[in-house]
file start34.cif (mmCIF, C-alpha atoms)
data_structure
#
loop_
_atom_site.label_atom_id
_atom_site.label_comp_id
_atom_site.auth_asym_id
_atom_site.auth_seq_id
_atom_site.Cartn_x
_atom_site.Cartn_y
_atom_site.Cartn_z
CA MET A 1 7.36 58.34 156.18
CA PRO A 2 4.29 60.57 156.78
CA LYS A 3 1.01 59.55 155.13
CA THR A 4 0.55 61.11 151.70
CA ARG A 5 -2.30 63.60 151.58
CA GLY A 6 -5.27 62.60 149.45
CA ILE A 7 -6.40 64.05 146.15
CA LEU A 8 -9.47 65.83 147.54
CA GLU A 9 -7.52 67.25 150.48
CA ARG A 10 -5.14 68.85 148.01
CA LEU A 11 -7.77 70.07 145.58
CA ASN A 12 -10.06 71.39 148.31
CA ASN A 13 -7.07 73.42 149.48
CA ASP A 14 -6.81 74.91 145.96
CA GLU A 15 -3.47 73.22 145.38
CA VAL A 16 -2.23 72.28 141.92
CA VAL A 17 -2.04 68.54 141.35
CA ILE A 18 0.15 67.59 138.41
CA GLY A 19 -0.76 64.42 136.57
CA ASP A 20 1.64 62.29 134.60
CA GLY A 21 2.08 61.96 130.84
CA GLY A 22 1.31 59.42 128.16
CA TYR A 23 2.51 55.90 128.92
CA VAL A 24 0.99 54.22 125.87
CA PHE A 25 2.68 56.33 123.20
CA ALA A 26 5.95 56.71 125.11
CA LEU A 27 6.28 52.96 125.67
CA GLU A 28 5.25 52.14 122.09
CA LYS A 29 8.09 54.34 120.82
CA ARG A 30 10.46 52.57 123.21
CA GLY A 31 9.37 49.14 121.99
CA TYR A 32 7.25 47.90 124.92
CA VAL A 33 3.64 48.47 123.74
CA LYS A 34 2.05 47.31 120.49
CA ALA A 35 0.25 49.99 118.47
CA GLY A 36 -3.25 48.81 117.60
CA PRO A 37 -4.44 47.11 120.76
CA TRP A 38 -2.45 49.60 122.94
CA THR A 39 -2.81 47.26 125.92
CA PRO A 40 -0.50 47.37 128.99
CA GLU A 41 0.89 43.84 129.34
CA ALA A 42 4.30 45.54 129.62
CA THR A 43 3.59 45.73 133.36
CA ILE A 44 4.33 41.99 133.41
CA GLU A 45 6.58 41.54 130.38
CA HIS A 46 8.76 44.63 130.86
CA PRO A 47 8.11 46.05 134.33
CA GLU A 48 11.48 47.81 134.38
CA ALA A 49 10.43 49.95 131.39
CA VAL A 50 7.13 50.97 133.00
CA ARG A 51 8.88 51.66 136.30
CA GLN A 52 11.57 53.83 134.68
CA LEU A 53 9.01 55.96 132.83
CA ALA A 54 7.01 56.40 136.04
CA ARG A 55 10.17 57.54 137.83
CA GLU A 56 10.85 60.06 135.08
CA PHE A 57 7.35 61.49 135.47
CA LEU A 58 7.83 61.65 139.24
CA ARG A 59 11.17 63.46 138.82
CA ALA A 60 9.51 65.86 136.36
CA GLY A 61 6.94 66.88 138.97
CA SER A 62 4.02 64.45 138.76
CA ASP A 63 1.95 64.20 141.94
CA VAL A 64 0.03 61.18 140.66
CA MET A 65 1.46 57.83 139.68
CA GLN A 66 -1.35 56.36 137.64
CA ALA A 67 -1.19 52.58 137.37
CA PHE A 68 -0.57 51.62 133.76
CA THR A 69 -3.94 49.92 133.33
CA PHE A 70 -5.17 51.69 130.21
CA TYR A 71 -7.33 49.31 128.16
CA ALA A 72 -6.73 46.54 130.73
CA SER A 73 -10.30 45.25 130.87
CA ASP A 74 -10.63 41.54 130.10
CA ASP A 75 -12.65 42.14 126.93
CA LYS A 76 -10.03 44.51 125.48
CA LEU A 77 -7.17 42.14 126.30
CA GLN A 78 -8.76 39.48 124.07
CA ASN A 79 -10.19 41.74 121.37
CA ARG A 80 -9.43 41.12 117.69
CA GLY A 81 -6.81 38.46 118.23
CA ASN A 82 -5.06 40.05 121.21
CA LYS A 83 -3.58 37.22 123.35
CA ALA A 84 -2.78 39.30 126.46
CA GLN A 85 -5.79 37.98 128.40
CA GLU A 86 -4.98 34.38 127.52
CA LYS A 87 -1.28 34.81 128.30
CA HIS A 88 -1.48 36.90 131.47
CA SER A 89 -5.08 37.85 132.46
CA GLY A 90 -6.42 41.30 133.21
CA ALA A 91 -6.19 40.70 136.95
CA LYS A 92 -2.45 39.99 136.83
CA ILE A 93 -1.74 42.93 134.50
CA ASN A 94 -3.67 45.31 136.75
CA GLU A 95 -2.00 43.86 139.84
CA ALA A 96 1.48 44.36 138.42
CA ALA A 97 0.62 47.90 137.37
CA CYS A 98 -0.53 48.76 140.88
CA HIS A 99 2.66 47.40 142.43
CA ILE A 100 4.83 49.50 140.10
CA ALA A 101 2.80 52.67 140.60
CA ARG A 102 2.80 52.30 144.40
CA GLU A 103 6.52 51.59 144.51
CA VAL A 104 7.34 54.75 142.56
CA ALA A 105 4.74 56.88 144.36
CA ASN A 106 6.37 55.95 147.66
CA GLU A 107 9.66 57.35 146.36
CA GLY A 108 8.12 60.83 146.55
CA ASP A 109 5.09 62.68 147.87
CA ALA A 110 2.88 61.15 145.19
CA MET A 111 -0.50 59.45 145.12
CA MET A 112 -1.28 56.20 143.36
CA ALA A 113 -4.36 56.05 141.13
CA GLY A 114 -6.04 53.13 139.45
CA GLY A 115 -7.66 53.58 136.07
CA VAL A 116 -10.44 52.18 133.88
CA SER A 117 -11.28 53.19 130.33
CA GLN A 118 -13.80 52.53 127.58
CA THR A 119 -14.54 48.94 126.65
CA PRO A 120 -15.17 46.93 123.47
CA THR A 121 -18.26 45.57 125.24
CA TYR A 122 -19.86 49.01 125.13
CA LEU A 123 -19.22 49.36 121.40
CA SER A 124 -20.60 45.89 120.71
CA THR A 125 -23.56 45.64 123.06
CA MET A 126 -24.21 48.94 124.89
CA ASP A 127 -25.42 46.66 127.68
CA LYS A 128 -24.99 48.39 131.04
CA ASN A 129 -24.70 45.25 133.13
CA LYS A 130 -22.09 43.67 130.86
CA VAL A 131 -20.05 46.89 130.68
CA GLN A 132 -20.12 47.41 134.43
CA GLU A 133 -19.04 43.82 134.98
CA GLU A 134 -15.81 44.64 133.11
CA PHE A 135 -15.20 47.60 135.43
CA ARG A 136 -16.12 45.53 138.49
CA LYS A 137 -13.45 42.93 137.74
CA GLN A 138 -10.80 45.64 137.54
CA MET A 139 -12.04 47.34 140.70
CA ASP A 140 -11.51 44.19 142.74
CA VAL A 141 -7.79 44.49 142.03
CA PHE A 142 -7.64 48.23 142.68
CA VAL A 143 -9.41 47.92 146.02
CA ASP A 144 -7.13 45.07 147.09
CA ASN A 145 -4.15 47.31 146.26
CA LYS A 146 -5.59 50.26 148.19
CA VAL A 147 -5.43 52.86 145.43
CA ASP A 148 -5.61 56.45 146.67
CA PHE A 149 -8.28 57.30 144.09
CA MET A 150 -9.65 56.15 140.74
CA ILE A 151 -9.53 57.70 137.30
CA ALA A 152 -12.21 56.75 134.77
CA GLU A 153 -10.66 58.12 131.60
CA TYR A 154 -10.72 58.00 127.84
CA PHE A 155 -14.43 57.72 127.23
CA GLU A 156 -15.89 58.85 123.92
CA HIS A 157 -19.46 58.41 125.19
CA VAL A 158 -20.55 60.00 128.43
CA GLU A 159 -23.11 57.23 128.94
CA GLU A 160 -20.35 54.65 129.38
CA ALA A 161 -18.35 57.02 131.60
CA VAL A 162 -21.39 57.48 133.85
CA TRP A 163 -21.70 53.70 134.12
CA ALA A 164 -18.03 53.54 135.12
CA VAL A 165 -18.44 56.23 137.79
CA GLU A 166 -21.53 54.53 139.19
CA GLU A 167 -19.71 51.21 139.48
CA ILE A 168 -16.57 52.72 141.01
CA LYS A 169 -18.57 54.65 143.63
CA LYS A 170 -19.93 51.35 144.93
CA PHE A 171 -16.42 50.76 146.29
CA ASN A 172 -16.41 54.04 148.24
CA VAL A 173 -13.47 55.52 146.30
CA THR A 174 -12.84 59.08 145.11
CA VAL A 175 -13.43 59.26 141.35
CA ALA A 176 -11.98 61.49 138.65
CA ALA A 177 -13.90 61.12 135.38
CA SER A 178 -12.32 62.22 132.12
CA LEU A 179 -13.74 62.13 128.61
CA CYS A 180 -11.80 62.16 125.33
CA ILE A 181 -14.08 64.75 123.77
CA GLY A 182 -13.63 68.17 122.18
CA PRO A 183 -15.79 71.29 122.07
CA GLU A 184 -18.43 69.48 119.97
CA GLY A 185 -19.14 67.04 122.78
CA ASP A 186 -19.29 63.25 122.90
CA LEU A 187 -19.90 60.97 119.92
CA HIS A 188 -23.61 60.73 120.66
CA GLY A 189 -23.96 64.52 120.52
CA VAL A 190 -24.02 65.34 124.23
CA SER A 191 -22.49 68.78 124.82
CA PRO A 192 -19.42 69.21 127.07
CA GLY A 193 -21.52 71.09 129.62
CA ASP A 194 -24.13 68.36 129.78
CA CYS A 195 -21.40 65.72 129.94
CA ALA A 196 -19.91 67.40 132.99
CA VAL A 197 -23.32 67.60 134.65
CA GLN A 198 -24.01 63.91 134.04
CA LEU A 199 -20.64 62.90 135.46
CA ALA A 200 -21.05 65.07 138.55
CA ASN A 201 -24.58 63.76 139.15
CA ALA A 202 -23.24 60.20 138.87
CA GLY A 203 -20.85 60.92 141.73
CA ALA A 204 -17.61 62.05 140.07
CA ASP A 205 -15.57 64.28 142.39
CA ILE A 206 -13.37 65.53 139.55
CA VAL A 207 -14.41 65.94 135.91
CA GLY A 208 -12.58 66.87 132.76
CA VAL A 209 -10.98 65.72 129.53
CA ASN A 210 -7.97 63.75 128.36
CA CYS A 211 -6.47 62.66 125.05
CA HIS A 212 -7.81 63.03 121.45
CA PHE A 213 -7.36 66.83 121.34
CA ASP A 214 -4.52 69.32 121.78
CA PRO A 215 -4.17 71.75 124.69
CA GLU A 216 -6.04 74.61 122.99
CA LEU A 217 -9.10 72.55 122.07
CA SER A 218 -9.06 70.81 125.45
CA LEU A 219 -8.98 74.17 127.22
CA GLU A 220 -11.99 75.26 125.20
CA THR A 221 -13.81 72.07 126.19
CA ILE A 222 -13.00 72.58 129.86
CA ARG A 223 -14.45 76.09 129.71
CA LEU A 224 -17.70 74.62 128.38
CA MET A 225 -17.74 71.93 131.06
CA LYS A 226 -17.18 74.52 133.78
CA ALA A 227 -20.02 76.66 132.40
CA GLY A 228 -22.33 73.63 132.37
CA LEU A 229 -21.57 72.81 135.99
CA GLU A 230 -22.11 76.40 137.09
CA LYS A 231 -25.42 76.64 135.22
CA ALA A 232 -26.61 73.45 136.93
CA GLY A 233 -25.45 74.66 140.34
CA LEU A 234 -23.06 71.72 140.70
CA LYS A 235 -19.55 71.64 142.07
CA ALA A 236 -16.73 69.40 140.90
CA HIS A 237 -13.00 69.91 140.56
CA LEU A 238 -11.71 70.28 137.00
CA MET A 239 -8.99 68.17 135.41
CA ILE A 240 -7.31 68.43 132.03
CA GLN A 241 -4.80 66.09 130.37
CA PRO A 242 -4.58 66.84 126.62
CA LEU A 243 -2.48 65.42 123.82
CA GLY A 244 1.13 66.43 123.36
CA PHE A 245 0.38 67.17 119.69
CA HIS A 246 -1.12 70.14 117.84
CA THR A 247 -4.50 69.09 116.38
CA PRO A 248 -6.33 72.22 115.14
CA ASP A 249 -7.57 70.28 112.09
CA THR A 250 -9.28 67.44 113.93
CA GLY A 251 -12.94 66.58 113.63
CA LYS A 252 -15.31 65.50 116.37
CA GLN A 253 -13.45 62.26 117.07
CA GLY A 254 -10.05 63.89 117.53
CA PHE A 255 -6.60 62.83 116.42
CA ILE A 256 -7.46 59.21 115.61
CA ASP A 257 -9.21 60.58 112.49
CA LEU A 258 -6.04 62.30 111.29
CA PRO A 259 -4.24 60.41 108.48
CA GLU A 260 -0.99 60.70 110.46
CA PHE A 261 -2.37 58.66 113.38
CA PRO A 262 -0.54 56.94 114.93
CA PHE A 263 2.85 56.68 113.21
CA GLY A 264 3.28 60.11 111.59
CA LEU A 265 2.40 62.52 114.39
CA GLU A 266 5.92 63.66 115.28
CA PRO A 267 5.79 66.93 113.28
CA ARG A 268 2.86 67.96 115.49
CA ILE A 269 4.67 67.57 118.84
CA ILE A 270 4.13 70.55 121.13
CA THR A 271 7.16 72.31 122.61
CA ARG A 272 7.86 72.77 126.30
CA TRP A 273 7.03 76.45 125.77
CA ASP A 274 3.60 75.51 124.41
CA VAL A 275 3.09 73.60 127.66
CA HIS A 276 3.96 76.67 129.73
CA LYS A 277 1.14 78.56 127.99
CA TYR A 278 -1.26 75.63 128.38
CA ALA A 279 -0.54 75.20 132.09
CA ARG A 280 -1.05 78.88 132.79
CA GLU A 281 -4.33 79.03 130.90
CA ALA A 282 -5.61 75.86 132.56
CA TYR A 283 -4.85 77.39 135.94
CA LYS A 284 -6.65 80.62 135.02
CA ILE A 285 -9.74 78.67 133.97
CA GLY A 286 -9.82 76.98 137.36
CA ALA A 287 -8.46 73.52 136.59
CA ARG A 288 -6.26 72.30 139.42
CA TYR A 289 -5.57 68.77 138.18
CA ILE A 290 -3.29 69.49 135.23
CA GLY A 291 -1.36 66.87 133.29
CA GLY A 292 -1.01 65.33 129.86
CA CYS A 293 -1.89 62.27 127.82
CA CYS A 294 -0.53 60.70 124.63
CA GLY A 295 2.55 62.55 123.40
CA PHE A 296 3.27 64.12 126.79
CA GLU A 297 6.81 63.16 127.78
CA PRO A 298 8.48 63.88 131.14
CA TYR A 299 9.92 67.18 129.89
CA HIS A 300 6.39 68.33 129.09
CA VAL A 301 5.30 67.49 132.64
CA ARG A 302 8.32 69.38 133.95
CA ALA A 303 7.16 72.43 131.99
CA ILE A 304 3.83 72.34 133.86
CA ALA A 305 5.67 72.16 137.17
CA GLU A 306 8.00 75.01 136.22
CA GLU A 307 5.22 77.27 134.97
CA LEU A 308 3.27 76.78 138.19
CA ALA A 309 6.29 76.67 140.51
CA GLU A 310 5.27 79.85 142.31
CA GLU A 311 1.76 78.55 143.00
CA ARG A 312 3.18 75.21 144.15
CA GLY A 313 6.03 76.72 146.13
CA LYS A 314 8.62 74.41 144.61
CA LEU A 315 10.38 73.17 141.51
CA PRO A 316 10.61 69.49 140.57
CA ALA A 317 13.81 67.49 140.95
CA GLY A 318 14.05 67.39 137.17
CA SER A 319 14.67 71.14 137.09
CA ASP A 320 18.14 70.55 138.55
CA LYS A 321 19.31 70.04 134.98
CA HIS A 322 17.01 72.58 133.35
CA ASP A 323 17.34 76.31 133.92
CA MET A 324 14.09 78.17 133.33
CA TRP A 325 13.54 79.74 129.92
CA GLY A 326 16.79 78.54 128.41
CA LYS A 327 19.16 80.21 130.84
CA GLY A 328 21.40 77.16 130.73
CA LEU A 329 22.36 78.26 127.22
CA MET A 330 24.49 80.97 128.82
CA LEU A 331 27.06 78.17 129.19
CA HIS A 332 27.05 77.36 125.46
CA THR A 333 30.20 77.78 123.41
CA LYS A 334 28.49 79.51 120.45
CA PRO A 335 27.59 83.19 120.98
CA TRP A 336 24.46 83.10 118.82
CA VAL A 337 23.14 80.25 120.94
CA ARG A 338 24.00 82.14 124.14
CA ALA A 339 21.92 85.00 122.74
CA ARG A 340 18.85 82.73 123.04
CA ALA A 341 19.18 82.39 126.81
CA HIS A 342 16.13 84.48 127.73
CA ARG A 343 12.37 84.13 128.03
CA ALA A 344 11.34 86.56 125.28
CA TYR A 345 13.19 84.56 122.64
CA TRP A 346 11.43 81.26 123.41
CA GLU A 347 8.00 82.78 124.03
CA LYS A 348 8.02 84.48 120.62
CA LEU A 349 9.60 81.64 118.64
CA ASN A 350 7.45 80.19 115.87
CA PRO A 351 9.20 76.85 115.22
CA ALA A 352 9.69 75.66 111.64
CA SER A 353 8.85 72.06 110.78
CA GLY A 354 11.74 71.52 108.39
CA ARG A 355 9.31 69.85 105.98
CA PRO A 356 8.90 72.17 102.96
CA TYR A 357 6.56 69.85 101.07
CA CYS A 358 4.16 69.15 103.92
CA SER A 359 0.82 70.90 104.32
CA THR A 360 0.09 72.74 107.56
CA MET A 361 -3.25 70.95 107.99
CA SER A 362 -4.63 67.49 107.20
CA GLN A 363 -8.04 66.33 106.06
CA PRO A 364 -9.35 64.05 108.82
CA ASN A 365 -11.25 60.87 108.02
CA LYS A 366 -14.98 61.25 108.52
CA TRP A 367 -16.52 57.80 108.59
CA GLY A 368 -19.25 58.99 110.94
CA VAL A 369 -19.58 55.75 112.91
CA THR A 370 -19.96 55.40 116.66
CA ALA A 371 -21.36 53.03 119.28
CA GLY A 372 -24.36 51.22 117.84
CA ASP A 373 -22.92 51.08 114.32
CA GLU A 374 -22.26 47.62 112.85
CA LEU A 375 -18.70 48.58 111.89
CA LEU A 376 -17.82 49.06 115.55
CA VAL A 377 -19.00 45.66 116.78
CA GLN A 378 -15.93 43.97 118.26
CA GLN A 379 -14.81 40.31 118.17
CA LYS A 380 -12.25 37.98 119.74
CA GLU A 381 -10.99 36.79 116.37
CA GLU A 382 -8.23 38.59 114.48
CA THR A 383 -9.25 40.95 111.70
CA SER A 384 -9.18 38.82 108.56
CA LEU A 385 -7.61 39.90 105.27
CA ASP A 386 -11.07 39.95 103.73
CA GLU A 387 -12.30 42.30 106.48
CA LEU A 388 -9.21 44.48 106.05
CA ASN A 389 -9.65 44.71 102.28
CA LYS A 390 -13.26 45.81 102.75
CA LEU A 391 -12.09 48.56 105.11
CA ILE A 392 -9.39 49.67 102.66
CA LYS A 393 -12.00 49.81 99.89
CA LYS A 394 -14.32 51.83 102.10
CA GLN A 395 -11.48 54.19 103.03
CA LYS A 396 -10.99 55.05 99.35
CA THR A 397 -14.58 56.25 99.10
CA LYS A 398 -14.31 58.60 102.07
#

call {"tool": "encode", "arguments": {"input": "start34.cif", "output": "structure tokens"}}
result
Amino acid sequence: MPKTRGILERLNNDEVVIGDGGYVFALEKRGYVKAGPWTPEATIEHPEAVRQLAREFLRAGSDVMQAFTFYASDDKLQNRGNKAQEKHSGAKINEAACHIAREVANEGDAMMAGGVSQTPTYLSTMDKNKVQEEFRKQMDVFVDNKVDFMIAEYFEHVEEAVWAVEEIKKFNVTVAASLCIGPEGDLHGVSPGDCAVQLANAGADIVGVNCHFDPELSLETIRLMKAGLEKAGLKAHLMIQPLGFHTPDTGKQGFIDLPEFPFGLEPRIITRWDVHKYAREAYKIGARYIGGCCGFEPYHVRAIAEELAEERGKLPAGSDKHDMWGKGLMLHTKPWVRARAHRAYWEKLNPASGRPYCSTMSQPNKWGVTAGDELLVQQKEETSLDELNKLIKKQKTK
């Protein structure tokens, strides 16, 4: 089998690289990830589930098999009563994730990426050396498993993301750095443009956003990041991997502030047609690494691949059972359904929610706390009932 081309070779050639979707939410719904800690011990406990989802993303058109190592730093795996570190260890979870991702990547022309994300240590101490030590322990595993590149993703504070990039670059690996921020910038008030500049100056080859915000808000953020890079005279490839949910009513911290998070978000799910629009707009902006995060299922990834099929010169294997723009409905038995078998119908459709008593928007929580605040100091012990009751009482005053 010929050697898979690298991420920078593809991006430097102005090719579209399609990322994968959201493992954490997809596997939680399937019963393999616990909501709350959101940690990936499923790579050891249920490897077949992780492997199957990866294969579905590959079939849908993903060019990157990202190892399921989200929140797999040692400190997160033992945070607030989580026993994953004690039971398995971060090293073993990361190792298993790499093996699965490489196995599936080798089934197609896909790359395998390792990943690090924000840490409880940053929230508790904001100590650079301690935070980078968490990343360093993960990097040892990724280097041993010869990842094709690294993704530093899901950072609310650009400072911590910069520390991650700096540590990863010590291992001579290509780095994509992605923040979970919206148009207002990071939680310490750094603008998207300045965030992009800091990441590029730290050595990130690819910069962008993932999670916390929907495609429209993420596109707006990417525009601001691109403008910041251009103003500073810096070059970096752009990546975007938004939520698979509509979140026009979010505040600065994104969907985790919505009262529906995490168990009532289904009415906000974006359609495959929404993804077509998102993929096209991302391409127009100049992003060439285009994927999705929480809420993005394989059919959403397939929509990216189908929208950009002409630019990519191919359709994904998953399109074998999906005719573009509903044309498969021409085979339906009901004539009124056959009448929907064309692009104009689905492009113009404004889907109903079927929930007559629901509001169109929510009022997000606005606690206004971020790194450095006492409420965000983390601990190994479980949250006690007394601590929980204090939080419930505080919630009622917000």

call {"tool": "resolve_selection", "arguments": {"input": "start34.cif", "expression": "the PyMOL selection byres ((chain A and resi 173-184) around 6)", "output": "number ranges by chain"}}
result
A: 149-156, 169, 171-172, 185-186, 204-212, 221

call {"tool": "residues_around", "arguments": {"input": "start34.cif", "residues": "range 5-21 of chain A", "least_positions_apart": "3", "cutoff": "7 Å", "atoms": "all atoms listed in the file", "output": "VMD selection string"}}
result
chain A and resid 57 61 to 65 148 288 to 294 296 to 298 301 312

call {"tool": "closest_residue", "arguments": {"input": "start34.cif", "among": "A:His276, A:His99, A:Arg30, A:Lys146", "to": "His300 in chain A", "atoms": "all atoms listed in the file"}}
result
A:His276

call {"tool": "residues_around", "arguments": {"input": "start34.cif", "residues": "Leu234 in chain A", "least_positions_apart": "2", "cutoff": "10 Å", "atoms": "only C-alpha atoms", "output": "PyMOL selection string"}}
result
chain A and resi 196-197+200-201+226+228-232+236

call {"tool": "write_last_selection", "arguments": {"input": "start34.cif", "atoms": "C-alpha atoms", "output": "PDB file, in the coordinates of the input"}}
result
ATOM      1  CA  ALA A 196     -19.910  67.400 132.990  1.00  0.00           C
ATOM      2  CA  VAL A 197     -23.320  67.600 134.650  1.00  0.00           C
ATOM      3  CA  ALA A 200     -21.050  65.070 138.550  1.00  0.00           C
ATOM      4  CA  ASN A 201     -24.580  63.760 139.150  1.00  0.00           C
ATOM      5  CA  LYS A 226     -17.180  74.520 133.780  1.00  0.00           C
ATOM      6  CA  GLY A 228     -22.330  73.630 132.370  1.00  0.00           C
ATOM      7  CA  LEU A 229     -21.570  72.810 135.990  1.00  0.00           C
ATOM      8  CA  GLU A 230     -22.110  76.400 137.090  1.00  0.00           C
ATOM      9  CA  LYS A 231     -25.420  76.640 135.220  1.00  0.00           C
ATOM     10  CA  ALA A 232     -26.610  73.450 136.930  1.00  0.00           C
ATOM     11  CA  ALA A 236     -16.730  69.400 140.900  1.00  0.00           C
TER      12      ALA A 236
END

call {"tool": "resolve_selection", "arguments": {"input": "start34.cif", "expression": "the PyMOL selection byres ((chain A and resi 107) around 12)", "output": "PyMOL selection string"}}
result
chain A and resi 1+4+51+54-59+62-65+100-106+108-112

call {"tool": "write_last_selection", "arguments": {"input": "start34.cif", "atoms": "C-alpha atoms", "output": "PDB file, in the coordinates of the input"}}
result
ATOM      1  CA  MET A   1       7.360  58.340 156.180  1.00  0.00           C
ATOM      2  CA  THR A   4       0.550  61.110 151.700  1.00  0.00           C
ATOM      3  CA  ARG A  51       8.880  51.660 136.300  1.00  0.00           C
ATOM      4  CA  ALA A  54       7.010  56.400 136.040  1.00  0.00           C
ATOM      5  CA  ARG A  55      10.170  57.540 137.830  1.00  0.00           C
ATOM      6  CA  GLU A  56      10.850  60.060 135.080  1.00  0.00           C
ATOM      7  CA  PHE A  57       7.350  61.490 135.470  1.00  0.00           C
ATOM      8  CA  LEU A  58       7.830  61.650 139.240  1.00  0.00           C
ATOM      9  CA  ARG A  59      11.170  63.460 138.820  1.00  0.00           C
ATOM     10  CA  SER A  62       4.020  64.450 138.760  1.00  0.00           C
ATOM     11  CA  ASP A  63       1.950  64.200 141.940  1.00  0.00           C
ATOM     12  CA  VAL A  64       0.030  61.180 140.660  1.00  0.00           C
ATOM     13  CA  MET A  65       1.460  57.830 139.680  1.00  0.00           C
ATOM     14  CA  ILE A 100       4.830  49.500 140.100  1.00  0.00           C
ATOM     15  CA  ALA A 101       2.800  52.670 140.600  1.00  0.00           C
ATOM     16  CA  ARG A 102       2.800  52.300 144.400  1.00  0.00           C
ATOM     17  CA  GLU A 103       6.520  51.590 144.510  1.00  0.00           C
ATOM     18  CA  VAL A 104       7.340  54.750 142.560  1.00  0.00           C
ATOM     19  CA  ALA A 105       4.740  56.880 144.360  1.00  0.00           C
ATOM     20  CA  ASN A 106       6.370  55.950 147.660  1.00  0.00           C
ATOM     21  CA  GLY A 108       8.120  60.830 146.550  1.00  0.00           C
ATOM     22  CA  ASP A 109       5.090  62.680 147.870  1.00  0.00           C
ATOM     23  CA  ALA A 110       2.880  61.150 145.190  1.00  0.00           C
ATOM     24  CA  MET A 111      -0.500  59.450 145.120  1.00  0.00           C
ATOM     25  CA  MET A 112      -1.280  56.200 143.360  1.00  0.00           C
TER      26      MET A 112
END

call {"tool": "residues_near_point", "arguments": {"input": "start34.cif", "point": "(-9.8, 53.1, 137.1)", "cutoff": "8 Å", "atoms": "all atoms listed in the file", "output": "list in words"}}
result
Thr69, Ala113, Gly114, Gly115, Val116, Ser117, Phe135, Gln138, Met139, Phe142, Met150, Ile151, Ala152, Glu153 and Ile168 of chain A

call {"tool": "closest_atom_pairs", "arguments": {"input": "start34.cif", "of": "range 264-381 of chain A", "to": "range 71-75 of chain A", "cutoff": "10 Å", "atoms": "all atoms listed in the file", "output": "Markdown table"}}
result
| residue | atom | partner | partner_atom | distance |
| --- | --- | --- | --- | --- |
| A:Gln378 | CA | A:Asp75 | CA | 9.4 |
| A:Gln379 | CA | A:Asp75 | CA | 9.2 |
| A:Lys380 | CA | A:Asp75 | CA | 8.3 |

call {"tool": "closest_residue", "arguments": {"input": "start34.cif", "among": "A:Glu387, A:Asp214, A:Asp140, A:Glu48", "to": "Asp249 in chain A", "atoms": "only C-alpha atoms"}}
result
A:Asp214

call {"tool": "closest_residue", "arguments": {"input": "start34.cif", "among": "A:Pro262, A:Lys334, A:Gly326, A:Ile222", "to": "Trp346 in chain A", "atoms": "all atoms listed in the file"}}
result
A:Gly326

call {"tool": "residues_around", "arguments": {"input": "start34.cif", "residues": "Asp274 in chain A", "least_positions_apart": "3", "cutoff": "10 Å", "atoms": "all atoms listed in the file", "output": "list in words"}}
result
Pro215, Glu216, Gly244, His246, Ile269, Ile270, Thr271, Lys277, Tyr278, Ala279, His300, Ala303, Ile304, Trp346 and Glu347 of chain A

call {"tool": "write_last_selection", "arguments": {"input": "start34.cif", "atoms": "C-alpha atoms", "output": "JSON list (two decimals), keeping the file's coordinate frame"}}
result
[["chain", "number", "residue", "atom", "x", "y", "z"],
["A", 215, "PRO", "CA", -4.17, 71.75, 124.69],
["A", 216, "GLU", "CA", -6.04, 74.61, 122.99],
["A", 244, "GLY", "CA", 1.13, 66.43, 123.36],
["A", 246, "HIS", "CA", -1.12, 70.14, 117.84],
["A", 269, "ILE", "CA", 4.67, 67.57, 118.84],
["A", 270, "ILE", "CA", 4.13, 70.55, 121.13],
["A", 271, "THR", "CA", 7.16, 72.31, 122.61],
["A", 277, "LYS", "CA", 1.14, 78.56, 127.99],
["A", 278, "TYR", "CA", -1.26, 75.63, 128.38],
["A", 279, "ALA", "CA", -0.54, 75.20, 132.09],
["A", 300, "HIS", "CA", 6.39, 68.33, 129.09],
["A", 303, "ALA", "CA", 7.16, 72.43, 131.99],
["A", 304, "ILE", "CA", 3.83, 72.34, 133.86],
["A", 346, "TRP", "CA", 11.43, 81.26, 123.41],
["A", 347, "GLU", "CA", 8.00, 82.78, 124.03]]

call {"tool": "atom_distance", "arguments": {"input": "start34.cif", "atom1": "CA of Thr119 in chain A", "atom2": "CA of Glu382 in chain A"}}
result
17.2 Å

call {"tool": "residues_around", "arguments": {"input": "start34.cif", "residues": "Pro248 in chain A", "least_positions_apart": "6", "cutoff": "10 Å", "atoms": "all atoms listed in the file", "output": "PyMOL selection string"}}
result
chain A and resi 213-217+254-255+360-362

call {"tool": "closest_residue", "arguments": {"input": "start34.cif", "among": "A:Asn129, A:Thr39, A:Gln118, A:Ser319", "to": "Ile93 in chain A", "atoms": "only C-alpha atoms"}}
result
A:Thr39

call {"tool": "residues_around", "arguments": {"input": "start34.cif", "residues": "range 123-128 of chain A", "least_positions_apart": "2", "cutoff": "8 Å", "atoms": "all atoms listed in the file", "output": "list in words"}}
result
Thr119, Pro120, Thr121, Lys130, Val131, Gln132, Glu160, Trp163, Thr370, Ala371, Gly372, Leu376, Val377 and Gln378 of chain A

call {"tool": "residues_near_point", "arguments": {"input": "start34.cif", "point": "(2.2, 39.9, 121.1)", "cutoff": "10 Å", "atoms": "all atoms listed in the file", "output": "list in words"}}
result
Val33, Lys34, Pro37, Glu41, Gly81, Asn82, Lys83, Ala84 and Lys87 of chain A

call {"tool": "resolve_selection", "arguments": {"input": "start34.cif", "expression": "the PyMOL selection byres ((chain A and resi 91) around 8)", "output": "NGL selection string"}}
result
:A and (89-90 or 92-95 or 137-138 or 141)

call {"tool": "atom_distance", "arguments": {"input": "start34.cif", "atom1": "CA of Asp144 in chain A", "atom2": "CA of Leu77 in chain A"}}
result
21.0 Å

call {"tool": "closest_residue", "arguments": {"input": "start34.cif", "among": "A:His157, A:Leu53, A:Phe70, A:Ala60", "to": "Pro316 in chain A", "atoms": "all atoms listed in the file"}}
result
A:Ala60
